[in-house]
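Source file: query01.cif (mmCIF, C-alpha atoms and all ligand atoms)
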data_target
#
loop_
_atom_site.group_PDB
_atom_site.id
_atom_site.type_symbol
_atom_site.label_atom_id
_atom_site.label_comp_id
_atom_site.auth_asym_id
_atom_site.auth_seq_id
_atom_site.Cartn_x
_atom_site.Cartn_y
_atom_site.Cartn_z
ATOM 1 C CA MET A 139 13.611 15.630 -12.991
ATOM 2 C CA LYS A 140 10.905 13.755 -14.926
ATOM 3 C CA PRO A 141 8.135 12.999 -12.397
ATOM 4 C CA ILE A 142 7.299 9.354 -11.828
ATOM 5 C CA VAL A 143 4.825 7.399 -9.702
ATOM 6 C CA ILE A 144 4.552 3.673 -9.028
ATOM 7 C CA VAL A 145 1.712 1.857 -7.221
ATOM 8 C CA HIS A 146 1.034 -1.603 -5.820
ATOM 9 C CA GLY A 147 -2.231 -3.321 -4.937
ATOM 10 C CA GLY A 148 -0.964 -5.993 -2.584
ATOM 11 C CA ALA A 149 1.156 -9.147 -2.636
ATOM 12 C CA GLY A 150 -0.298 -12.595 -2.121
ATOM 13 C CA ASP A 151 -1.709 -15.781 -3.485
ATOM 14 C CA ILE A 152 -4.236 -13.736 -5.437
ATOM 15 C CA PRO A 153 -6.895 -15.949 -7.068
ATOM 16 C CA ASP A 154 -7.573 -15.731 -10.827
ATOM 17 C CA SER A 155 -11.005 -14.227 -10.124
ATOM 18 C CA ARG A 156 -9.373 -11.117 -8.642
ATOM 19 C CA VAL A 157 -6.687 -10.475 -11.278
ATOM 20 C CA LYS A 158 -8.652 -8.250 -13.675
ATOM 21 C CA GLY A 159 -10.112 -6.056 -10.932
ATOM 22 C CA LYS A 160 -6.648 -5.572 -9.482
ATOM 23 C CA LEU A 161 -5.085 -4.616 -12.810
ATOM 24 C CA ASP A 162 -7.905 -2.224 -13.675
ATOM 25 C CA GLY A 163 -7.567 -0.631 -10.241
ATOM 26 C CA MET A 164 -3.793 -0.279 -10.699
ATOM 27 C CA LYS A 165 -4.292 1.745 -13.860
ATOM 28 C CA VAL A 166 -6.846 4.047 -12.216
ATOM 29 C CA ALA A 167 -4.505 4.592 -9.256
ATOM 30 C CA VAL A 168 -1.347 5.244 -11.249
ATOM 31 C CA ARG A 169 -3.196 7.674 -13.527
ATOM 32 C CA ALA A 170 -4.521 9.590 -10.501
ATOM 33 C CA GLY A 171 -1.002 9.934 -9.112
ATOM 34 C CA TYR A 172 0.537 10.850 -12.461
ATOM 35 C CA GLU A 173 -2.116 13.467 -13.275
ATOM 36 C CA CYS A 174 -1.380 15.092 -9.936
ATOM 37 C CA LEU A 175 2.351 15.227 -10.742
ATOM 38 C CA MET A 176 1.706 16.515 -14.287
ATOM 39 C CA ASN A 177 -0.446 19.306 -12.861
ATOM 40 C CA GLY A 178 2.479 20.436 -10.716
ATOM 41 C CA GLY A 179 1.449 18.521 -7.591
ATOM 42 C CA SER A 180 4.051 17.471 -5.046
ATOM 43 C CA ALA A 181 5.150 13.860 -4.571
ATOM 44 C CA LEU A 182 3.279 13.925 -1.247
ATOM 45 C CA ASP A 183 0.007 14.959 -2.910
ATOM 46 C CA ALA A 184 0.552 12.439 -5.726
ATOM 47 C CA VAL A 185 0.945 9.411 -3.459
ATOM 48 C CA GLU A 186 -2.235 10.335 -1.594
ATOM 49 C CA ALA A 187 -4.038 10.880 -4.912
ATOM 50 C CA ALA A 188 -2.939 7.411 -6.071
ATOM 51 C CA VAL A 189 -4.004 5.620 -2.882
ATOM 52 C CA VAL A 190 -7.442 7.272 -2.516
ATOM 53 C CA PRO A 191 -9.093 5.413 -5.471
ATOM 54 C CA MET A 192 -7.762 2.090 -4.165
ATOM 55 C CA GLU A 193 -9.292 2.819 -0.745
ATOM 56 C CA LYS A 194 -12.659 3.153 -2.507
ATOM 57 C CA ASP A 195 -12.271 -0.009 -4.584
ATOM 58 C CA GLU A 196 -13.300 -3.323 -3.049
ATOM 59 C CA ASN A 197 -10.610 -5.100 -5.086
ATOM 60 C CA PHE A 198 -8.108 -3.844 -2.543
ATOM 61 C CA ASN A 199 -7.616 -4.424 1.153
ATOM 62 C CA ALA A 200 -7.807 -0.764 2.203
ATOM 63 C CA GLY A 201 -10.697 1.581 2.990
ATOM 64 C CA TYR A 202 -13.927 -0.007 1.665
ATOM 65 C CA GLY A 203 -13.217 -3.719 1.180
ATOM 66 C CA SER A 204 -10.754 -3.968 4.059
ATOM 67 C CA VAL A 205 -10.526 -7.419 5.591
ATOM 68 C CA LEU A 206 -12.113 -8.048 8.997
ATOM 69 C CA ASN A 207 -10.809 -8.742 12.476
ATOM 70 C CA LEU A 208 -12.039 -11.628 14.636
ATOM 71 C CA ARG A 209 -15.032 -9.552 15.744
ATOM 72 C CA GLY A 210 -16.017 -8.940 12.122
ATOM 73 C CA GLU A 211 -14.926 -5.290 12.154
ATOM 74 C CA VAL A 212 -12.767 -3.210 9.831
ATOM 75 C CA GLU A 213 -9.682 -1.757 11.565
ATOM 76 C CA MET A 214 -7.537 0.151 9.091
ATOM 77 C CA GLU A 215 -4.008 1.558 9.111
ATOM 78 C CA ALA A 216 -2.046 3.936 6.893
ATOM 79 C CA SER A 217 1.203 5.871 6.754
ATOM 80 C CA ILE A 218 2.739 8.557 4.574
ATOM 81 C CA MET A 219 6.292 9.955 4.496
ATOM 82 C CA ARG A 220 7.942 12.991 2.936
ATOM 83 C CA GLY A 221 11.533 12.479 1.866
ATOM 84 C CA SER A 222 12.624 16.119 1.992
ATOM 85 C CA ASP A 223 12.533 16.378 5.801
ATOM 86 C CA LEU A 224 11.714 12.760 6.814
ATOM 87 C CA ASN A 225 8.400 13.954 8.231
ATOM 88 C CA VAL A 226 5.761 11.235 8.667
ATOM 89 C CA GLY A 227 2.079 10.806 9.469
ATOM 90 C CA ALA A 228 0.397 7.533 10.371
ATOM 91 C CA VAL A 229 -2.861 6.218 11.782
ATOM 92 C CA THR A 230 -3.940 2.847 13.098
ATOM 93 C CA LEU A 231 -7.097 1.120 14.388
ATOM 94 C CA VAL A 232 -9.282 3.421 12.261
ATOM 95 C CA LYS A 233 -12.883 2.204 11.990
ATOM 96 C CA GLU A 234 -15.108 4.990 10.752
ATOM 97 C CA PHE A 235 -13.418 6.774 7.848
ATOM 98 C CA LEU A 236 -13.144 5.817 4.192
ATOM 99 C CA HIS A 237 -9.710 7.362 3.609
ATOM 100 C CA PRO A 238 -7.151 6.614 6.333
ATOM 101 C CA ILE A 239 -4.381 7.814 3.997
ATOM 102 C CA SER A 240 -5.836 11.326 3.949
ATOM 103 C CA ILE A 241 -5.989 11.367 7.743
ATOM 104 C CA ALA A 242 -2.353 10.179 7.861
ATOM 105 C CA HIS A 243 -1.419 13.003 5.476
ATOM 106 C CA LYS A 244 -3.121 15.483 7.775
ATOM 107 C CA VAL A 245 -1.240 14.026 10.771
ATOM 108 C CA LEU A 246 1.992 14.679 8.874
ATOM 109 C CA ILE A 247 1.027 18.273 8.167
ATOM 110 C CA LYS A 248 -0.794 19.316 11.318
ATOM 111 C CA SER A 249 -0.009 17.076 14.268
ATOM 112 C CA PRO A 250 3.051 17.389 16.516
ATOM 113 C CA HIS A 251 2.898 13.577 16.646
ATOM 114 C CA SER A 252 3.694 10.953 14.017
ATOM 115 C CA LEU A 253 1.290 8.067 14.737
ATOM 116 C CA LEU A 254 -2.236 8.318 16.133
ATOM 117 C CA GLY A 255 -4.344 5.269 16.955
ATOM 118 C CA GLY A 256 -7.936 4.293 17.734
ATOM 119 C CA GLU A 257 -9.903 6.908 19.631
ATOM 120 C CA GLY A 258 -7.124 9.490 19.240
ATOM 121 C CA ALA A 259 -7.051 9.059 15.468
ATOM 122 C CA LYS A 260 -10.828 9.414 15.398
ATOM 123 C CA LEU A 261 -10.801 12.608 17.477
ATOM 124 C CA PHE A 262 -8.083 14.079 15.266
ATOM 125 C CA ALA A 263 -9.945 13.165 12.070
ATOM 126 C CA LEU A 264 -13.205 14.677 13.332
ATOM 127 C CA LYS A 265 -11.415 17.851 14.408
ATOM 128 C CA GLU A 266 -9.884 18.125 10.951
ATOM 129 C CA GLY A 267 -13.304 17.770 9.308
ATOM 130 C CA PHE A 268 -13.089 14.239 7.902
ATOM 131 C CA PRO A 269 -16.649 12.893 7.549
ATOM 132 C CA PRO A 270 -17.263 9.723 9.596
ATOM 133 C CA VAL A 271 -19.075 6.846 7.885
ATOM 134 C CA PRO A 272 -20.962 3.951 9.497
ATOM 135 C CA PRO A 273 -18.349 1.210 10.109
ATOM 136 C CA GLU A 274 -20.648 -1.358 8.387
ATOM 137 C CA SER A 275 -20.501 0.675 5.170
ATOM 138 C CA LEU A 276 -16.818 -0.284 4.813
ATOM 139 C CA ILE A 277 -17.541 -4.035 4.885
ATOM 140 C CA SER A 278 -17.700 -5.828 1.524
ATOM 141 C CA GLU A 279 -19.156 -9.265 0.785
ATOM 142 C CA HIS A 280 -15.659 -10.493 -0.112
ATOM 143 C CA ALA A 281 -14.337 -9.443 3.278
ATOM 144 C CA LYS A 282 -17.187 -11.283 5.050
ATOM 145 C CA GLN A 283 -16.499 -14.405 3.013
ATOM 146 C CA ALA A 284 -12.764 -14.149 3.701
ATOM 147 C CA LEU A 285 -13.382 -14.055 7.451
ATOM 148 C CA LYS A 286 -15.782 -17.001 7.170
ATOM 149 C CA ASN A 287 -13.116 -18.972 5.280
ATOM 150 C CA PHE A 288 -10.538 -18.078 7.889
ATOM 151 C CA LEU A 289 -12.804 -19.153 10.742
ATOM 152 C CA GLU A 290 -13.591 -22.437 8.972
ATOM 153 C CA HIS A 291 -10.040 -23.300 7.925
ATOM 154 C CA GLY A 292 -8.029 -21.472 10.570
ATOM 155 C CA ASP A 293 -5.143 -20.851 8.178
ATOM 156 C CA PHE A 294 -3.955 -17.683 9.863
ATOM 157 C CA GLY A 295 -2.862 -14.832 7.692
ATOM 158 C CA ARG A 296 -3.821 -16.391 4.411
ATOM 159 C CA THR A 297 -6.603 -13.978 3.616
ATOM 160 C CA GLU A 298 -4.445 -10.878 3.307
ATOM 161 C CA ILE A 299 -2.153 -13.235 1.496
ATOM 162 C CA GLY A 300 -5.296 -14.744 0.017
ATOM 163 C CA SER A 301 -5.406 -18.377 -1.026
ATOM 164 C CA SER A 302 -9.193 -18.607 -1.078
ATOM 165 C CA ASP A 303 -11.423 -17.411 -3.897
ATOM 166 C CA GLU A 304 -12.727 -14.637 -1.729
ATOM 167 C CA GLY A 305 -9.619 -13.593 0.094
ATOM 168 C CA GLY A 306 -7.185 -12.477 -2.553
ATOM 169 C CA VAL A 307 -6.881 -8.862 -1.625
ATOM 170 C CA GLY A 308 -3.919 -6.837 -0.423
ATOM 171 C CA THR A 309 -2.472 -3.689 1.055
ATOM 172 C CA VAL A 310 -2.022 -0.746 -1.313
ATOM 173 C CA GLY A 311 0.803 1.732 -1.753
ATOM 174 C CA ALA A 312 2.394 4.412 -3.908
ATOM 175 C CA VAL A 313 5.845 5.959 -4.322
ATOM 176 C CA ALA A 314 6.493 9.160 -6.270
ATOM 177 C CA VAL A 315 9.319 11.486 -7.242
ATOM 178 C CA ASP A 316 8.135 14.923 -8.352
ATOM 179 C CA ALA A 317 9.599 17.477 -10.771
ATOM 180 C CA ASN A 318 11.631 19.019 -7.947
ATOM 181 C CA GLY A 319 13.200 15.668 -7.090
ATOM 182 C CA HIS A 320 11.219 15.232 -3.879
ATOM 183 C CA VAL A 321 10.281 11.686 -2.849
ATOM 184 C CA ALA A 322 7.120 10.578 -0.986
ATOM 185 C CA VAL A 323 5.515 7.244 -0.087
ATOM 186 C CA ALA A 324 2.011 6.241 1.077
ATOM 187 C CA THR A 325 0.724 2.833 2.237
ATOM 188 C CA SER A 326 -2.777 1.858 3.410
ATOM 189 C CA THR A 327 -4.309 -1.436 4.576
ATOM 190 C CA GLY A 328 -7.069 -3.318 6.342
ATOM 191 C CA GLY A 329 -4.406 -5.714 7.692
ATOM 192 C CA MET A 330 -5.053 -9.436 7.695
ATOM 193 C CA SER A 331 -8.322 -11.317 7.889
ATOM 194 C CA GLY A 332 -9.064 -12.881 11.262
ATOM 195 C CA LYS A 333 -6.550 -10.639 13.051
ATOM 196 C CA ALA A 334 -6.978 -10.061 16.773
ATOM 197 C CA VAL A 335 -8.913 -6.956 17.765
ATOM 198 C CA GLY A 336 -6.311 -4.222 18.198
ATOM 199 C CA ARG A 337 -3.610 -5.951 16.129
ATOM 200 C CA ILE A 338 -1.255 -3.452 14.510
ATOM 201 C CA GLY A 339 0.789 -4.562 11.513
ATOM 202 C CA ASP A 340 3.626 -3.191 9.425
ATOM 203 C CA THR A 341 1.761 -0.583 7.393
ATOM 204 C CA PRO A 342 1.624 2.290 9.924
ATOM 205 C CA GLN A 343 5.144 1.580 11.157
ATOM 206 C CA ILE A 344 7.708 3.784 9.457
ATOM 207 C CA GLY A 345 10.620 1.741 8.163
ATOM 208 C CA SER A 346 8.444 -1.363 7.821
ATOM 209 C CA GLY A 347 5.532 -0.417 5.528
ATOM 210 C CA THR A 348 6.802 2.932 4.280
ATOM 211 C CA TYR A 349 10.044 4.894 3.918
ATOM 212 C CA ALA A 350 11.079 7.971 1.919
ATOM 213 C CA ASP A 351 14.335 9.932 1.805
ATOM 214 C CA ASP A 352 15.096 12.504 -0.890
ATOM 215 C CA ASN A 353 18.780 11.534 -0.664
ATOM 216 C CA ILE A 354 18.067 7.887 -1.534
ATOM 217 C CA GLY A 355 14.507 7.032 -2.687
ATOM 218 C CA GLY A 356 11.212 5.583 -1.455
ATOM 219 C CA VAL A 357 9.653 2.170 -0.703
ATOM 220 C CA SER A 358 6.143 0.848 0.024
ATOM 221 C CA THR A 359 5.736 -2.772 1.133
ATOM 222 C CA THR A 360 2.958 -5.369 1.243
ATOM 223 C CA GLY A 361 2.607 -8.941 2.500
ATOM 224 C CA HIS A 362 2.883 -10.689 5.848
ATOM 225 C CA GLY A 363 2.857 -7.809 8.314
ATOM 226 C CA GLU A 364 4.522 -9.468 11.300
ATOM 227 C CA SER A 365 7.452 -10.534 9.108
ATOM 228 C CA ILE A 366 7.753 -7.171 7.367
ATOM 229 C CA LEU A 367 7.919 -5.318 10.655
ATOM 230 C CA LYS A 368 10.467 -7.701 12.175
ATOM 231 C CA TYR A 369 12.682 -7.181 9.137
ATOM 232 C CA CYS A 370 12.011 -3.407 8.819
ATOM 233 C CA LEU A 371 11.584 -4.219 5.155
ATOM 234 C CA ALA A 372 11.156 -0.729 3.685
ATOM 235 C CA HIS A 373 14.175 0.633 5.535
ATOM 236 C CA SER A 374 16.230 -2.472 4.689
ATOM 237 C CA ILE A 375 15.725 -1.689 1.009
ATOM 238 C CA ILE A 376 16.654 1.962 1.558
ATOM 239 C CA LYS A 377 19.868 0.978 3.366
ATOM 240 C CA LEU A 378 20.865 -1.376 0.558
ATOM 241 C CA MET A 379 20.364 1.463 -1.931
ATOM 242 C CA GLU A 380 22.359 3.802 0.278
ATOM 243 C CA GLY A 381 25.124 1.201 0.135
ATOM 244 C CA GLY A 382 25.164 1.412 -3.655
ATOM 245 C CA LEU A 383 22.665 -1.157 -4.938
ATOM 246 C CA ASP A 384 20.218 -0.105 -7.662
ATOM 247 C CA ALA A 385 16.510 0.036 -6.794
ATOM 248 C CA ASN A 386 15.561 -3.309 -8.293
ATOM 249 C CA THR A 387 18.523 -5.252 -6.895
ATOM 250 C CA ALA A 388 17.983 -3.765 -3.433
ATOM 251 C CA THR A 389 14.252 -4.584 -3.528
ATOM 252 C CA THR A 390 14.874 -8.160 -4.688
ATOM 253 C CA LYS A 391 17.611 -8.796 -2.130
ATOM 254 C CA ALA A 392 15.652 -7.477 0.861
ATOM 255 C CA VAL A 393 12.331 -9.146 -0.029
ATOM 256 C CA ASN A 394 14.040 -12.487 -0.642
ATOM 257 C CA GLY A 395 16.146 -12.005 2.481
ATOM 258 C CA MET A 396 13.015 -11.478 4.580
ATOM 259 C CA THR A 397 11.369 -14.565 3.110
ATOM 260 C CA ALA A 398 14.470 -16.713 3.645
ATOM 261 C CA ARG A 399 14.811 -15.571 7.254
ATOM 262 C CA LEU A 400 11.168 -15.536 8.336
ATOM 263 C CA ASN A 401 9.502 -17.962 5.947
ATOM 264 C CA ASN A 402 6.692 -15.606 4.923
ATOM 265 C CA THR A 403 6.136 -13.691 1.711
ATOM 266 C CA ALA A 404 6.123 -9.997 0.853
ATOM 267 C CA GLY A 405 6.492 -7.561 -1.992
ATOM 268 C CA ALA A 406 7.743 -4.018 -2.439
ATOM 269 C CA ILE A 407 7.783 -1.162 -4.911
ATOM 270 C CA THR A 408 10.750 1.186 -4.936
ATOM 271 C CA LEU A 409 11.898 4.348 -6.696
ATOM 272 C CA SER A 410 15.416 5.696 -6.411
ATOM 273 C CA LYS A 411 15.753 9.473 -6.069
ATOM 274 C CA ASP A 412 16.531 9.491 -9.813
ATOM 275 C CA GLY A 413 13.318 7.646 -10.669
ATOM 276 C CA GLU A 414 14.838 4.211 -11.226
ATOM 277 C CA VAL A 415 12.201 1.488 -10.587
ATOM 278 C CA GLY A 416 12.312 -1.587 -8.340
ATOM 279 C CA VAL A 417 9.530 -4.192 -8.151
ATOM 280 C CA HIS A 418 9.838 -7.575 -6.477
ATOM 281 C CA PHE A 419 7.578 -10.047 -4.653
ATOM 282 C CA SER A 420 8.185 -13.463 -3.124
ATOM 283 C CA SER A 421 4.436 -14.224 -3.120
ATOM 284 C CA LYS A 422 2.677 -15.826 -6.069
ATOM 285 C CA ARG A 423 1.332 -12.506 -7.333
ATOM 286 C CA MET A 424 1.511 -8.755 -6.674
ATOM 287 C CA SER A 425 -0.223 -6.103 -8.767
ATOM 288 C CA TRP A 426 1.845 -3.028 -9.634
ATOM 289 C CA ALA A 427 1.982 -0.238 -12.239
ATOM 290 C CA TYR A 428 4.038 2.827 -13.116
ATOM 291 C CA VAL A 429 4.052 5.473 -15.843
ATOM 292 C CA LYS A 430 7.123 6.256 -17.911
ATOM 293 C CA ASP A 431 7.623 7.804 -21.375
ATOM 294 C CA ASN A 432 3.882 8.112 -21.941
ATOM 295 C CA LYS A 433 3.309 4.421 -21.260
ATOM 296 C CA ILE A 434 1.789 2.542 -18.356
ATOM 297 C CA PHE A 435 3.891 -0.478 -17.398
ATOM 298 C CA TYR A 436 2.083 -2.972 -15.186
ATOM 299 C CA GLY A 437 1.868 -6.596 -14.102
ATOM 300 C CA ILE A 438 0.729 -9.104 -11.513
ATOM 301 C CA GLU A 439 2.490 -12.402 -12.336
ATOM 302 C CA GLN A 440 6.119 -13.237 -11.581
ATOM 303 C CA GLY A 441 8.327 -11.909 -14.387
ATOM 304 C CA GLU A 442 5.465 -10.178 -16.191
ATOM 305 C CA THR A 443 5.643 -6.638 -17.592
ATOM 306 C CA LEU A 444 2.700 -5.503 -19.711
ATOM 307 C CA GLU A 445 2.390 -2.057 -21.257
ATOM 308 C CA GLU A 446 -0.175 0.246 -22.808
ATOM 309 C CA ASP A 447 -0.207 3.829 -24.061
ATOM 310 C CA TYR A 448 -0.943 6.336 -21.341
ATOM 311 C CA ASN A 449 -3.245 8.236 -23.709
ATOM 312 C CA LYS A 450 -5.360 5.180 -24.572
ATOM 313 C CA ASN A 451 -9.078 5.991 -23.971
HETATM 314 N N1 LIG B 1 0.828 -6.015 5.285
HETATM 315 C C1 LIG B 1 -0.421 -5.796 5.855
HETATM 316 C C2 LIG B 1 -0.575 -6.395 7.176
HETATM 317 O O1 LIG B 1 -0.129 -7.490 7.436
HETATM 318 O O2 LIG B 1 -1.143 -5.760 8.014
#
Let me see the structure of the file written as structure tokens.
Amino acid sequence: MKPIVIVHGGAGDIPDSRVKGKLDGMKVAVRAGYECLMNGGSALDAVEAAVVPMEKDENFNAGYGSVLNLRGEVEMEASIMRGSDLNVGAVTLVKEFLHPISIAHKVLIKSPHSLLGGEGAKLFALKEGFPPVPPESLISEHAKQALKNFLEHGDFGRTEIGSSDEGGVGTVGAVAVDANGHVAVATSTGGMSGKAVGRIGDTPQIGSGTYADDNIGGVSTTGHGESILKYCLAHSIIKLMEGGLDANTATTKAVNGMTARLNNTAGAITLSKDGEVGVHFSSKRMSWAYVKDNKIFYGIEQGETLEEDYNKN
């Protein structure tokens, strides 16, 4: 099996001012995941490796740069799934750590539980040696502005979806198939701007934000969390593939089906177990990238596929 990794940097009404930062960040993320696979890393390690740089990059709504709740705080969520045994790890309501995806990975490996939240997630992370950071250090100027815009205009949900100049940021995710044919998926988010304190979205919920099965493939989703979780979007795509649809047709059908039924937008990236790619979004934009045949394929606009040599630079 030729290893492959695909990443997304969030679906939404991303403003022009955020396009370049998103595309640059996509290339950094997909390279990190691909290098891991090329060095013999597992799909599980590769999806974490791809998500970590996006959690550090304020162009994305995850880790540093996460959007803020109504109290002006960051509350992050992440999940990771291994397709060989359907094992999962997820965290929610995380406030004091830069890399929720790494904590989720540790939950998968070390905890008897699948999803830890709030104080419990913090205690687990501290016990596992993750360094806490001051919660204020995760807050970017963009996130502050996005909350201000939300409070002024009251257009709920738009700042993850992002129609303002400052709000165009989104959830991040990665899907990989490694040389042994194992599938893994990781998704990480700050949620939506102006969310209630304690609101939990789709990202940490397995079957909504994330799903991986070595017998079928893997999916990471982004977009309007309440709609994604009602539709179990990631698992809907997996079931369509199990029924015989190819990765791209399944992704398109489920994302459009969710939007038709619930009148909100989303996007998803998908790999079949054979490394076939699916990318679709019903929002205006979604940044994505994958590596194949020594080329990076990437895009952000509807219908756009750009490419560059992997060895450029
Ligand atoms: N899809 C991210 C969220 O709504 O929380």
Inset, instruction - Could you check how far CA of Gly148 in chain A sits from CA of Ala392 in chain A, in Å to one decimal? - result: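 Calculated distance between CA of Gly148 in chain A and CA of Ala392 in chain A is 17.0 Å.
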Legend entry - Residues within 9 Å of ligand LIG 1 (chain B), counting all atoms listed in the file, as an MDAnalysis selection string: chainID A and resid 148:149 199 214:215 295 298:299 308:310 326:330 333 337:342 347 359:367 404
Inset, instruction - Translate the PyMOL selection byres (((chain A and resi 405) around 9) and not hetatm), as applied to the file shown, into an explicit residue set as a list in words. - result: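 Selected by the PyMOL selection byres (((chain A and resi 405) around 9) and not hetatm) in this file: His146, Gly148, Ala149, Gly150, Ser358, Thr359, Thr360, Gly361, Thr389, Thr390, Val393, Thr403, Ala404, Ala406, Ile407, Val417, His418, Phe419, Ser420, Ser421, Arg423 and Met424 of chain A.
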Do you have, as a tab-separated table, the list of residues of range 320-380 of chain A lying at most 10 Å from range 175-182 of chain A, each with its nearest atom pair and that distance in Å to one decimal, counting only C-alpha atoms and ordered by chain then number?
residue	atom	partner	partner_atom	distance
A:His320	CA	A:Ala181	CA	6.3
A:Val321	CA	A:Ala181	CA	5.8
A:Ala322	CA	A:Leu182	CA	5.1
A:Val323	CA	A:Leu182	CA	7.1
A:Ala324	CA	A:Leu182	CA	8.1
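This file gives the following result for the PyMOL selection byres (((chain A and resi 436) around 8) and not hetatm): Leu161, Met164, Ser425, Trp426, Ala427, Tyr428, Ile434, Phe435, Gly437, Ile438, Thr443, Leu444 and Glu445 of chain A.
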Residues from last step as file, C-alpha atoms, as a PDB file, in the coordinates of the input:
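out-v2.pdb, freshly written:
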ATOM      1  CA  LEU A 161      -5.085  -4.616 -12.810  1.00  0.00           C
ATOM      2  CA  MET A 164      -3.793  -0.279 -10.699  1.00  0.00           C
ATOM      3  CA  SER A 425      -0.223  -6.103  -8.767  1.00  0.00           C
ATOM      4  CA  TRP A 426       1.845  -3.028  -9.634  1.00  0.00           C
ATOM      5  CA  ALA A 427       1.982  -0.238 -12.239  1.00  0.00           C
ATOM      6  CA  TYR A 428       4.038   2.827 -13.116  1.00  0.00           C
ATOM      7  CA  ILE A 434       1.789   2.542 -18.356  1.00  0.00           C
ATOM      8  CA  PHE A 435       3.891  -0.478 -17.398  1.00  0.00           C
ATOM      9  CA  GLY A 437       1.868  -6.596 -14.102  1.00  0.00           C
ATOM     10  CA  ILE A 438       0.729  -9.104 -11.513  1.00  0.00           C
ATOM     11  CA  THR A 443       5.643  -6.638 -17.592  1.00  0.00           C
ATOM     12  CA  LEU A 444       2.700  -5.503 -19.711  1.00  0.00           C
ATOM     13  CA  GLU A 445       2.390  -2.057 -21.257  1.00  0.00           C
TER      14      GLU A 445
END
Legend entry - Nearest to Cys174 in chain A by atom-to-atom distance, counting all atoms listed in the file, from A:Lys248, A:Ala188, A:Pro272, A:Phe198: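 Closest candidate: A:Ala188.
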Legend entry - Nearby residues (all atoms listed in the file) at most 6 Å from Leu231 in chain A, same-chain spacing under 4 positions excluded, as a ChimeraX atom specification: /A:213-214,255-256
Just say which residues the PyMOL selection byres (((chain A and resi 249) around 12) and not hetatm) picks in this file, as a tab-separated table (two decimals) with C-alpha atoms, keeping the file's coordinate frame.
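In the end it all went to out-v2.tsv:
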chain	number	residue	atom	x	y	z
A	225	ASN	CA	8.40	13.95	8.23
A	226	VAL	CA	5.76	11.24	8.67
A	227	GLY	CA	2.08	10.81	9.47
A	228	ALA	CA	0.40	7.53	10.37
A	229	VAL	CA	-2.86	6.22	11.78
A	241	ILE	CA	-5.99	11.37	7.74
A	242	ALA	CA	-2.35	10.18	7.86
A	243	HIS	CA	-1.42	13.00	5.48
A	244	LYS	CA	-3.12	15.48	7.78
A	245	VAL	CA	-1.24	14.03	10.77
A	246	LEU	CA	1.99	14.68	8.87
A	247	ILE	CA	1.03	18.27	8.17
A	248	LYS	CA	-0.79	19.32	11.32
A	250	PRO	CA	3.05	17.39	16.52
A	251	HIS	CA	2.90	13.58	16.65
A	252	SER	CA	3.69	10.95	14.02
A	253	LEU	CA	1.29	8.07	14.74
A	254	LEU	CA	-2.24	8.32	16.13
A	258	GLY	CA	-7.12	9.49	19.24
A	259	ALA	CA	-7.05	9.06	15.47
A	262	PHE	CA	-8.08	14.08	15.27
A	263	ALA	CA	-9.94	13.16	12.07
A	265	LYS	CA	-11.42	17.85	14.41
A	266	GLU	CA	-9.88	18.12	10.95
Legend entry - 6 Å contact set for range 383-386 of chain A, all atoms listed in the file, chain neighbours under 3 positions out, as an NGL selection string: :A and (378-379 or 389 or 410 or 415-416)
Using the block above, I'd like range 207-216 of chain A written out, keeping N, CA and C atoms and formatting it as a tab-separated table (two decimals), in the first residue's frame.
chain	number	residue	atom	x	y	z
A	207	ASN	N	-15.61	31.29	23.64
A	207	ASN	CA	-16.99	31.14	24.10
A	207	ASN	C	-17.51	32.49	24.60
A	208	LEU	N	-18.75	32.48	25.08
A	208	LEU	CA	-19.39	33.75	25.48
A	208	LEU	C	-18.68	34.45	26.62
A	209	ARG	N	-17.87	33.69	27.38
A	209	ARG	CA	-17.11	34.30	28.48
A	209	ARG	C	-15.73	34.72	28.02
A	210	GLY	N	-15.47	34.60	26.72
A	210	GLY	CA	-14.17	35.01	26.18
A	210	GLY	C	-13.06	34.01	26.42
A	211	GLU	N	-13.44	32.74	26.64
A	211	GLU	CA	-12.43	31.70	26.92
A	211	GLU	C	-12.32	30.74	25.73
A	212	VAL	N	-11.14	30.13	25.63
A	212	VAL	CA	-10.94	29.01	24.70
A	212	VAL	C	-11.41	27.73	25.39
A	213	GLU	N	-12.24	26.95	24.69
A	213	GLU	CA	-12.61	25.60	25.17
A	213	GLU	C	-12.50	24.67	23.96
A	214	MET	N	-11.47	23.83	23.98
A	214	MET	CA	-11.14	23.06	22.78
A	214	MET	C	-11.59	21.59	22.89
A	215	GLU	N	-11.67	20.96	21.69
A	215	GLU	CA	-12.11	19.57	21.61
A	215	GLU	C	-11.31	18.87	20.53
A	216	ALA	N	-11.11	17.57	20.69
A	216	ALA	CA	-10.38	16.80	19.68
A	216	ALA	C	-10.73	15.33	19.78
